[in-house]
Amino acid sequence: MTSARLRSNAFNIFIVPLVIIIFSSFPLLTSCKIRDNPDEQIIDYGDYKNESSLYLFDYEEIVMESTGSIDVKIENCNLYLDIYEDLVILGEVKNVSKVNKTDIEITIDFYDKHGEKIISAVIPAYINYLGGGRESRLPFWYYLTEREQYIDISKIKIGVNYKDYYERFEGDPIVENESYYYKEDYLIIEGKIINIGEGKIRNLKLFCTFYNDKNQVVFIKQCYLSREEMVSEGEQKFTLRVLLDEYLPGFTHYRLEVFFEDEIKAPV
């Protein structure tokens, strides 16, 4: 629920030229593979190379469109080709209503120049609920590996499916005392999560989304938490380490978002 804007001059030593399209501009060709270690970057920036072997394919020509509703928006997306020559899409689902959302799915459809749909994908959310009332944001990522169809892609449409969840949450985790500093080749982000709600919570997850100066998503990290359950008024500290190497895209600010579920109450 917390955001922090970083000073641009502090990042001059590692920001690299960006080459991106709608939803995000990217300076490099990277990968969106998920790591086993939850404190590793979700996007893998190793093995950078300058040119794709897909000679005739120019992803910068692809048009991107997003569809949403009055309650839920798709924002800040990014499209690029990674080092594995997979087409990668990043973005956010934002709940702008006061009603909680559940059963969230991101839909991605790929069209050719004739308007014919050639590929479709559905991405189930890795959380069960997206809270209302605070403009909560859920980051998402997807990579397309059907390289033989890349040259036919002319337009991408991104949408979202969901259901309203009207039950009131008893738990309410927030991020407080957030700070950041540099140590050797790392950006260190520290803070703590406090459950200010009246009930116990479980399945606690903390994600950090990083943006460039155009507010486009450039990478996503999940923060390791020692406990996935917290009682009312409970708290726990966290530390997020971001390696500032030559493969990291330029970013200017970040946002921390907490996801959770209420603990199931035993019947009386």
# chains A, B, ... in the order shown; residues from 1 in each chain; ligands from 1

$ select_by_dssp --residues "region 76-149 of chain A" --states "strand (DSSP E or B)" --output "MDAnalysis selection string"
chainID A and resid 76:81 87:95 100:111 117:124 129:130 137:144

$ select_by_dssp --residues "region 40-268 of chain A" --states "helix (DSSP H, G or I)" --output "PDB file with C-alpha atoms, in the first residue's frame"
ATOM      1  CA  TYR A  59       7.778  -5.816 -31.354  1.00  0.00           C
ATOM      2  CA  GLU A  60       7.806  -2.007 -31.216  1.00  0.00           C
ATOM      3  CA  GLU A  61       5.239  -1.988 -34.027  1.00  0.00           C
ATOM      4  CA  ARG A 147       7.980 -17.558 -31.668  1.00  0.00           C
ATOM      5  CA  GLU A 148       6.752 -18.863 -35.006  1.00  0.00           C
ATOM      6  CA  GLN A 149       3.711 -16.578 -34.650  1.00  0.00           C
ATOM      7  CA  TYR A 150       5.520 -13.422 -33.534  1.00  0.00           C
ATOM      8  CA  ILE A 151       5.719 -11.947 -37.015  1.00  0.00           C
ATOM      9  CA  ASP A 152       1.922 -12.182 -37.364  1.00  0.00           C
TER      10      ASP A 152
END

$ closest_residue --among "A:Asn76, A:Ile62, A:Val122, A:Gly159" --to "Asp213 (chain A)" --atoms "only C-alpha atoms"
A:Asn76

$ closest_residue --among "A:Glu176, A:Ser97, A:Ala125, A:Leu81" --to "Tyr143 (chain A)" --atoms "only C-alpha atoms"
A:Leu81

$ atom_distance --atom1 "CA of Val96 (chain A)" --atom2 "CA of Leu144 (chain A)"
28.7 Å

$ residues_around --residues "Gly171 (chain A)" --least-positions-apart "4" --cutoff "10 Å" --atoms "only C-alpha atoms" --output "ChimeraX atom specification"
/A:195-202,230-233,260-263

$ write_last_selection --atoms "N, CA and C atoms" --output "PDB file, in the first residue's frame"
ATOM      1  N   ASN A 195      -0.475  -5.602  11.302  1.00  0.00           N
ATOM      2  CA  ASN A 195      -1.890  -5.949  11.131  1.00  0.00           C
ATOM      3  C   ASN A 195      -2.719  -5.070  12.057  1.00  0.00           C
ATOM      4  N   ILE A 196      -3.293  -4.000  11.509  1.00  0.00           N
ATOM      5  CA  ILE A 196      -4.088  -3.071  12.313  1.00  0.00           C
ATOM      6  C   ILE A 196      -5.550  -3.502  12.390  1.00  0.00           C
ATOM      7  N   GLY A 197      -5.870  -4.640  11.779  1.00  0.00           N
ATOM      8  CA  GLY A 197      -7.244  -5.141  11.815  1.00  0.00           C
ATOM      9  C   GLY A 197      -7.555  -5.872  13.105  1.00  0.00           C
ATOM     10  N   GLU A 198      -8.797  -6.328  13.210  1.00  0.00           N
ATOM     11  CA  GLU A 198      -9.258  -6.980  14.429  1.00  0.00           C
ATOM     12  C   GLU A 198      -9.096  -8.500  14.388  1.00  0.00           C
ATOM     13  N   GLY A 199      -8.808  -9.058  13.226  1.00  0.00           N
ATOM     14  CA  GLY A 199      -8.739 -10.505  13.099  1.00  0.00           C
ATOM     15  C   GLY A 199      -7.381 -10.998  12.651  1.00  0.00           C
ATOM     16  N   LYS A 200      -7.155 -12.296  12.791  1.00  0.00           N
ATOM     17  CA  LYS A 200      -5.925 -12.929  12.359  1.00  0.00           C
ATOM     18  C   LYS A 200      -5.939 -13.093  10.838  1.00  0.00           C
ATOM     19  N   ILE A 201      -4.778 -12.940  10.211  1.00  0.00           N
ATOM     20  CA  ILE A 201      -4.687 -13.076   8.763  1.00  0.00           C
ATOM     21  C   ILE A 201      -3.702 -14.184   8.407  1.00  0.00           C
ATOM     22  N   ARG A 202      -3.811 -14.685   7.164  1.00  0.00           N
ATOM     23  CA  ARG A 202      -2.932 -15.748   6.699  1.00  0.00           C
ATOM     24  C   ARG A 202      -2.608 -15.514   5.224  1.00  0.00           C
ATOM     25  N   MET A 230      -0.448 -13.575  10.765  1.00  0.00           N
ATOM     26  CA  MET A 230      -0.257 -12.522  11.761  1.00  0.00           C
ATOM     27  C   MET A 230      -1.539 -12.330  12.547  1.00  0.00           C
ATOM     28  N   VAL A 231      -1.399 -12.165  13.844  1.00  0.00           N
ATOM     29  CA  VAL A 231      -2.551 -11.890  14.701  1.00  0.00           C
ATOM     30  C   VAL A 231      -2.847 -10.398  14.664  1.00  0.00           C
ATOM     31  N   SER A 232      -3.965 -10.003  15.223  1.00  0.00           N
ATOM     32  CA  SER A 232      -4.309  -8.589  15.328  1.00  0.00           C
ATOM     33  C   SER A 232      -3.237  -7.847  16.122  1.00  0.00           C
ATOM     34  N   GLU A 233      -2.804  -6.699  15.620  1.00  0.00           N
ATOM     35  CA  GLU A 233      -1.753  -5.854  16.191  1.00  0.00           C
ATOM     36  C   GLU A 233      -0.374  -6.502  16.113  1.00  0.00           C
ATOM     37  N   PHE A 260      -3.443 -10.683   1.392  1.00  0.00           N
ATOM     38  CA  PHE A 260      -3.696 -11.557   2.532  1.00  0.00           C
ATOM     39  C   PHE A 260      -5.089 -12.174   2.422  1.00  0.00           C
ATOM     40  N   GLU A 261      -5.360 -13.109   3.360  1.00  0.00           N
ATOM     41  CA  GLU A 261      -6.694 -13.664   3.548  1.00  0.00           C
ATOM     42  C   GLU A 261      -7.005 -13.652   5.035  1.00  0.00           C
ATOM     43  N   ASP A 262      -8.286 -13.508   5.383  1.00  0.00           N
ATOM     44  CA  ASP A 262      -8.671 -13.635   6.774  1.00  0.00           C
ATOM     45  C   ASP A 262      -8.546 -15.086   7.218  1.00  0.00           C
ATOM     46  N   GLU A 263      -8.120 -15.273   8.460  1.00  0.00           N
ATOM     47  CA  GLU A 263      -8.085 -16.616   9.018  1.00  0.00           C
ATOM     48  C   GLU A 263      -9.510 -17.133   9.157  1.00  0.00           C
TER      49      GLU A 263
END
